[in-house]
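> For reference, the structure I am asking about is given below.
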Protein chains: 2
Amino acid sequence: MPTIVYHLSWEDVNALGTTAETVPGILSAMTVFSVTHRSSQTGARCGFLTLPHAPEPIPTPVFMPVGTRGTVKAMTQEEVWELGFRLILGNTYHLYLRPGHELVRQAGGLHTFIAWDGAMLTDSGGFQVFSLEELRKITEEGVKFKSHLDGTEHFFSPERSIEVQYALGADILMAFDECPPYPCTEEATRAATERTHRWLERCKTYHDAQGTAQLLFGIAQGGTYEGLRAESAQFVASMDTPGIAVGGVSVGEPPDMMQAAVGWSLPHLPPHKPRYLMGVGTPRDILDAVAQGIDMFDCVLPTRLGRNGTLYTTRGRLNIKGSRYTDDFGPVDPNCPCRVCRRYSAAYIRHLYKCDEILASRLATYHNLAHYAQLMQGIREAIAADRYEEFRRQTLAGYEELADAASITAGAE
Amino acid sequence: MPTIVYHLSWEDVNALGTTAETVPGILSAMTVFSVTHRSSQTGARCGFLTLPHAPEPIPTPVFMPVGTRGTVKAMTQEEVWELGFRLILGNTYHLYLRPGHELVRQAGGLHTFIAWDGAMLTDSGGFQVFSLEELRKITEEGVKFKSHLDGTEHFFSPERSIEVQYALGADILMAFDECPPYPCTEEATRAATERTHRWLERCKTYHDAQGTAQLLFGIAQGGTYEGLRAESAQFVASMDTPGIAVGGVSVGEPPDMMQAAVGWSLPHLPPHKPRYLMGVGTPRDILDAVAQGIDMFDCVLPTRLGRNGTLYTTRGRLNIKGSRYTDDFGPVDPNCPCRVCRRYSAAYIRHLYKCDEILASRLATYHNLAHYAQLMQGIREAIAADRYEEFRRQTLAGYEELADAASITAGAE
């Protein structure tokens, strides 16, 4: 386990003399990821992720709340921290447009700008840019797109994406990739996957030349095709980035297909590096993907569904707007130890929703993130005790008491 | 000072045997209000208000945040408490319609329903009902009105208002009054004021007969007419309610007229009872009214303006959306010790507003309420040290560095 380096800020690391030569040495000394336990019956593992802005190593498997525009919607940074999260996600496309990455750089980076004491990951902006459809034009060089806010023209390339992410200053940067939609022909998926590989090479070349201490993660694509998934995972593994993401999931495919894509990819990824399943997912998705060996997750579900009145409980999801909660003066989830469940009743939260009060979104988001935090904590403890499969089965059985639903489309909120 | 009774809940008080005869005895033993200091140069005084649901006597002058529908908008009850508030307001009209006073009664009252550990005051519903204009019909018996939510017909009388307020269970109930608009002829103002007196008699008769330990406050009207103000204050004083409100202000009249109305009313009110200026106001309004001898205030300004991006500072109000805050990485108010100012920058809060994020409303509301809490604390300390006039002058001089504005129309948010 690292004992010194993970306390360093970028300023500290830079003060050590960050050139393209010294930084890889520092990074390897950091032992970015360490696995402490492996499940004997499944592929699940737990460990620690060591990041410069995290005050302590971050236990994995880890869920990252999504802070699209520099805020985990409806939450303060203090609350996200209080819930135990130490790693959150920011969306490069949104922050690039507003407030602008140069302003964030001027503020001292995203951590300082939003006053977040933990670590951050930024996506590449690719997913949002590709989602613009009408407003973008893709070439080998990159993507020309129009802002959804004011129609102004912009251009993202692999190099430009990394440059913008530097300004944001996250601990983990994601490579600029092309994420094929679902469904997608094999031919089109191959083209997107191979472009993703070429763009990863460009990202890595650009990043290595800059010599910053930020960690660049590659993204494996391959869509719903076993051969392409294997090929892409092998290619990305060969690029030797400190972590690797499985991308192109949670884009509307059925849950089984998502798990299949993970299963086709993981055998080709180095076991000592963190594996990040992008945009996933429901508690069920997470439980299943952890069993396959995924270490990192992000998803808008707990926050977005919270704002819409859908609350996660140990008995499954519920819609708090339902009339059955009108006079339910007990907590939303009697098994939940969160501050919301300890203090506020289902009936009160329902009332707040019916009145469209801000506090409704606040309480539901807080509770849902608390549920995810408890789920991840349970997952880690179960893996450490080598009873993960039992934990997964019991948790899923609990969820079946009420309703649940498939993953929604990934991306920013 | 009371040492026992203010710890009692309604349950405790009721257990003592609350009949129409015993309760007045208990209440007088409670010494609802005690004045501890009087300003030698102004009419300002400070003291304590003792209410069953307040864990400790509440220091006055006091500002009550408005919790229209059972929530001080954008805040949790923990945050309102953390800011030092122990007495908040609920709006009877809104709560009667949604979630319904019977549901609140079933929950154990408003304190329990919303999980508020402090004391509460409910208005009579009259102000909102009269504001419906198109949807209401006034008779001597009461007001027939249509819900703004679904058009259903309802009827509020003095007795009905008190009955609904019983179900809500606040510490302080307000009498059902008729608040004349501004401007208003002397004849119409006289009619509304005299009806207010007749309705106060009915409220008091009904309340005395019920024998609950809740405190009924009468409301003096009189509009912008010196003679009517004096007459109304004298009448309400004669009814011997444990506290008296000056109503009919903050309805669009100029600030000078508001202070004049207070000045015409106060000489006729008993000095040993708390005086509540309803729906007021800006920091300037409060500073001036305290100098005249007002003890209690409520207003939607800090919360409503906060949600719109107007922030109070010791240098006056500012609009955080202004481009001058784009790269202002310092706090909104360097003199403010609140959690928002200690952690978040003006530039970040501006960014949140530009993105219409919930956190914008949260941070601005919290800060504005913190500003009001500090203002009231400063007021009380200055009165206790007999330097109120100096404090008022210095505070107002500070506010002139930036802009301020007149009071807005009172009422629910």
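Residue numbering restarts at 1 for every chain of the structure tokens, chains are lettered A, B, ... in their displayed order, and ligands are numbered from 1 as they appear.
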From the DSSP assignment of the backbone, select every residue of region 24-175 of chain B that is strand (DSSP E), and format the answer as a ChimeraX atom specification.
/B:33-38,45-49,58-60,62-65,87-90,119-122,136-138,143-146,153-156,172-174
> Please tabulate, as a Markdown table, the residues of chain B that come within 8 Å of chain A, each with its closest pair of atoms and the distance in Å to one decimal, counting only C-alpha atoms and ordering rows by chain, then residue number upward.

```
| residue | atom | partner | partner_atom | distance |
| --- | --- | --- | --- | --- |
| B:Arg69 | CA | A:Cys355 | CA | 7.7 |
| B:Thr71 | CA | A:Leu359 | CA | 7.4 |
| B:Lys73 | CA | A:Ile358 | CA | 6.7 |
| B:Ala74 | CA | A:Ile358 | CA | 5.1 |
| B:Met75 | CA | A:Leu359 | CA | 6.5 |
| B:Thr76 | CA | A:Leu359 | CA | 6.8 |
| B:Arg98 | CA | A:His351 | CA | 7.5 |
| B:Pro99 | CA | A:His351 | CA | 6.1 |
| B:Leu103 | CA | A:Asp327 | CA | 7.1 |
| B:Ala107 | CA | A:Phe329 | CA | 6.7 |
| B:Phe113 | CA | A:Tyr348 | CA | 6.3 |
| B:Ile114 | CA | A:Tyr348 | CA | 6.3 |
| B:Ala115 | CA | A:Tyr344 | CA | 6.3 |
| B:Asp327 | CA | A:Leu103 | CA | 7.1 |
| B:Phe329 | CA | A:Ala107 | CA | 6.7 |
| B:Arg343 | CA | A:Ala115 | CA | 6.5 |
| B:Tyr344 | CA | A:Ala115 | CA | 6.3 |
| B:Ser345 | CA | A:Phe113 | CA | 7.6 |
| B:Tyr348 | CA | A:Ile114 | CA | 6.3 |
| B:His351 | CA | A:Pro99 | CA | 6.1 |
| B:Cys355 | CA | A:Arg69 | CA | 7.7 |
| B:Glu357 | CA | A:Lys73 | CA | 6.9 |
| B:Ile358 | CA | A:Ala74 | CA | 5.1 |
| B:Leu359 | CA | A:Ala74 | CA | 5.3 |
```
> Take the residues that were just selected and, keeping C-alpha atoms, output them as a PDB file, in the first residue's frame.

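Written output follows (part.pdb):
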```pdb
ATOM      1  CA  ARG B  69     -46.361  24.101   2.771  1.00  0.00           C
ATOM      2  CA  THR B  71     -41.062  23.297   4.323  1.00  0.00           C
ATOM      3  CA  LYS B  73     -38.322  26.277   0.752  1.00  0.00           C
ATOM      4  CA  ALA B  74     -35.087  24.551  -0.314  1.00  0.00           C
ATOM      5  CA  MET B  75     -34.042  23.889   3.307  1.00  0.00           C
ATOM      6  CA  THR B  76     -34.138  20.845   5.541  1.00  0.00           C
ATOM      7  CA  ARG B  98     -52.564  19.963   0.665  1.00  0.00           C
ATOM      8  CA  PRO B  99     -51.875  17.594   2.353  1.00  0.00           C
ATOM      9  CA  LEU B 103     -53.892  14.226   7.517  1.00  0.00           C
ATOM     10  CA  ALA B 107     -49.656  12.506  11.710  1.00  0.00           C
ATOM     11  CA  PHE B 113     -45.503  15.664  10.211  1.00  0.00           C
ATOM     12  CA  ILE B 114     -42.585  17.793   9.046  1.00  0.00           C
ATOM     13  CA  ALA B 115     -40.185  16.616  11.785  1.00  0.00           C
ATOM     14  CA  ASP B 327     -14.566  35.036 -11.822  1.00  0.00           C
ATOM     15  CA  PHE B 329     -13.595  33.223  -6.449  1.00  0.00           C
ATOM     16  CA  ARG B 343     -16.872  26.984   1.492  1.00  0.00           C
ATOM     17  CA  TYR B 344     -18.338  28.162  -1.817  1.00  0.00           C
ATOM     18  CA  SER B 345     -17.344  31.042  -4.060  1.00  0.00           C
ATOM     19  CA  TYR B 348     -19.469  28.833  -8.281  1.00  0.00           C
ATOM     20  CA  HIS B 351     -22.392  29.099 -12.314  1.00  0.00           C
ATOM     21  CA  CYS B 355     -27.248  26.187 -15.087  1.00  0.00           C
ATOM     22  CA  GLU B 357     -29.164  23.842 -10.600  1.00  0.00           C
ATOM     23  CA  ILE B 358     -31.067  23.060  -7.382  1.00  0.00           C
ATOM     24  CA  LEU B 359     -27.895  23.692  -5.416  1.00  0.00           C
TER      25      LEU B 359
END
```
> Point out the residue among A:Gly151, A:Pro52, A:Gly322, A:Pro65 with the least atom-to-atom distance to Gly90 (chain A), counting only C-alpha atoms.
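That would be A:Pro65, the residue with the smallest distance to Gly90 (chain A).
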> Report as a PyMOL selection string all protein, DNA and RNA residues lying within 7 Å of Gly125 (chain B), evaluated on only C-alpha atoms, omitting residues in the same chain fewer than 4 positions from it.
chain B and resi 91-93+129+161
> If you count only C-alpha atoms, which residues fall within 12 Å of Glu178 (chain A), apart from same-chain ones fewer than 2 positions away, as a PyMOL selection string?
chain A and resi 124-131+138-140+142-143+156-158+175-176+180-181+188-200+218-223+247-248
> For the residues in that selection, give me N, CA and C atoms as a short mmCIF file (atom, residue, chain, number, x, y, z; two decimals), in the first residue's frame.

```
data_model
loop_
_atom_site.label_atom_id
_atom_site.label_comp_id
_atom_site.auth_asym_id
_atom_site.auth_seq_id
_atom_site.Cartn_x
_atom_site.Cartn_y
_atom_site.Cartn_z
N SER A 124 -14.74 12.16 -21.34
CA SER A 124 -14.01 12.82 -22.42
C SER A 124 -14.85 13.85 -23.15
N GLY A 125 -16.14 13.86 -22.89
CA GLY A 125 -17.05 14.72 -23.65
C GLY A 125 -17.58 14.00 -24.89
N GLY A 126 -16.95 12.88 -25.25
CA GLY A 126 -17.34 12.18 -26.48
C GLY A 126 -18.79 11.71 -26.46
N PHE A 127 -19.18 11.12 -25.34
CA PHE A 127 -20.53 10.56 -25.27
C PHE A 127 -21.58 11.63 -25.52
N GLN A 128 -21.42 12.80 -24.87
CA GLN A 128 -22.41 13.87 -25.06
C GLN A 128 -22.35 14.43 -26.47
N VAL A 129 -21.13 14.60 -26.98
CA VAL A 129 -20.99 15.17 -28.32
C VAL A 129 -21.64 14.26 -29.37
N PHE A 130 -21.42 12.96 -29.22
CA PHE A 130 -22.03 12.03 -30.17
C PHE A 130 -23.55 12.00 -30.02
N SER A 131 -24.03 12.29 -28.82
CA SER A 131 -25.48 12.29 -28.59
C SER A 131 -26.17 13.47 -29.26
N ILE A 138 -18.66 14.03 -37.68
CA ILE A 138 -17.51 13.24 -37.24
C ILE A 138 -16.53 13.05 -38.39
N THR A 139 -15.26 13.30 -38.13
CA THR A 139 -14.21 12.94 -39.08
C THR A 139 -13.15 12.17 -38.31
N GLU A 140 -12.15 11.66 -39.03
CA GLU A 140 -11.06 10.97 -38.34
C GLU A 140 -10.35 11.90 -37.37
N GLY A 142 -11.65 14.37 -35.60
CA GLY A 142 -12.41 14.61 -34.37
C GLY A 142 -13.86 14.91 -34.70
N VAL A 143 -14.53 15.61 -33.81
CA VAL A 143 -15.96 15.88 -33.98
C VAL A 143 -16.21 17.38 -33.91
N PHE A 156 -14.00 18.99 -30.95
CA PHE A 156 -13.30 18.12 -29.99
C PHE A 156 -12.51 17.08 -30.78
N SER A 157 -11.24 16.96 -30.46
CA SER A 157 -10.42 15.86 -30.97
C SER A 157 -9.90 15.12 -29.75
N PRO A 158 -9.23 14.00 -29.94
CA PRO A 158 -8.64 13.33 -28.78
C PRO A 158 -7.74 14.28 -28.00
N ALA A 175 -10.22 8.62 -22.03
CA ALA A 175 -9.84 8.79 -23.43
C ALA A 175 -11.08 9.16 -24.26
N PHE A 176 -10.84 9.89 -25.34
CA PHE A 176 -11.92 10.30 -26.25
C PHE A 176 -12.26 9.12 -27.15
N PRO A 180 -20.63 3.36 -30.06
CA PRO A 180 -21.70 3.03 -31.01
C PRO A 180 -23.05 2.92 -30.29
N PRO A 181 -24.12 3.28 -30.99
CA PRO A 181 -25.45 3.21 -30.37
C PRO A 181 -25.92 1.76 -30.26
N ALA A 188 -20.56 -1.21 -38.56
CA ALA A 188 -20.49 0.12 -37.95
C ALA A 188 -19.82 0.05 -36.57
N THR A 189 -20.11 -1.03 -35.84
CA THR A 189 -19.49 -1.19 -34.52
C THR A 189 -17.98 -1.35 -34.67
N ARG A 190 -17.55 -2.11 -35.69
CA ARG A 190 -16.12 -2.30 -35.93
C ARG A 190 -15.46 -0.96 -36.25
N ALA A 191 -16.13 -0.18 -37.10
CA ALA A 191 -15.55 1.12 -37.48
C ALA A 191 -15.39 2.01 -36.25
N ALA A 192 -16.43 2.06 -35.42
CA ALA A 192 -16.36 2.90 -34.22
C ALA A 192 -15.30 2.39 -33.25
N THR A 193 -15.21 1.07 -33.15
CA THR A 193 -14.25 0.47 -32.21
C THR A 193 -12.82 0.75 -32.67
N GLU A 194 -12.60 0.60 -33.97
CA GLU A 194 -11.22 0.82 -34.46
C GLU A 194 -10.83 2.30 -34.38
N ARG A 195 -11.83 3.18 -34.61
CA ARG A 195 -11.54 4.61 -34.45
C ARG A 195 -11.23 4.91 -32.98
N THR A 196 -11.97 4.26 -32.10
CA THR A 196 -11.70 4.41 -30.66
C THR A 196 -10.25 4.05 -30.34
N HIS A 197 -9.76 2.99 -30.98
CA HIS A 197 -8.37 2.55 -30.73
C HIS A 197 -7.38 3.59 -31.24
N ARG A 198 -7.63 4.10 -32.46
CA ARG A 198 -6.71 5.11 -33.00
C ARG A 198 -6.73 6.38 -32.14
N TRP A 199 -7.94 6.72 -31.70
CA TRP A 199 -8.05 7.92 -30.86
C TRP A 199 -7.39 7.71 -29.49
N LEU A 200 -7.44 6.48 -28.98
CA LEU A 200 -6.77 6.20 -27.71
C LEU A 200 -5.26 6.39 -27.86
N GLY A 218 -8.04 4.18 -20.62
CA GLY A 218 -8.54 3.82 -21.95
C GLY A 218 -9.93 3.22 -21.86
N ILE A 219 -10.66 3.24 -22.98
CA ILE A 219 -12.02 2.69 -22.99
C ILE A 219 -12.13 1.61 -24.07
N ALA A 220 -12.54 0.42 -23.64
CA ALA A 220 -12.75 -0.68 -24.59
C ALA A 220 -14.18 -0.63 -25.11
N GLN A 221 -14.34 -0.73 -26.43
CA GLN A 221 -15.67 -0.78 -27.03
C GLN A 221 -15.92 -2.19 -27.59
N GLY A 222 -16.69 -2.28 -28.66
CA GLY A 222 -16.95 -3.59 -29.26
C GLY A 222 -18.42 -3.93 -29.34
N GLY A 223 -19.26 -3.06 -28.79
CA GLY A 223 -20.70 -3.22 -28.93
C GLY A 223 -21.21 -4.55 -28.44
N GLY A 247 -16.75 0.46 -22.16
CA GLY A 247 -17.71 1.47 -22.60
C GLY A 247 -18.75 0.88 -23.51
N GLY A 248 -19.64 1.73 -23.97
CA GLY A 248 -20.65 1.29 -24.94
C GLY A 248 -21.75 0.44 -24.35
#
```
> Report as a PyMOL selection string: the residues of region 78-279 of chain B with a DSSP assignment of alpha helix (DSSP H), based on the backbone of this structure.
chain B and resi 78-82+92-97+101-107+110-114+126-131+158-168+186-210+226-238+255-265
> Considering only C-alpha atoms, return as number ranges by chain whatever protein or nucleic-acid residues lie within 7 Å of Arg315 (chain A), sequence-local ones (same chain, fewer than 4 positions apart) excluded.
A: 398-402
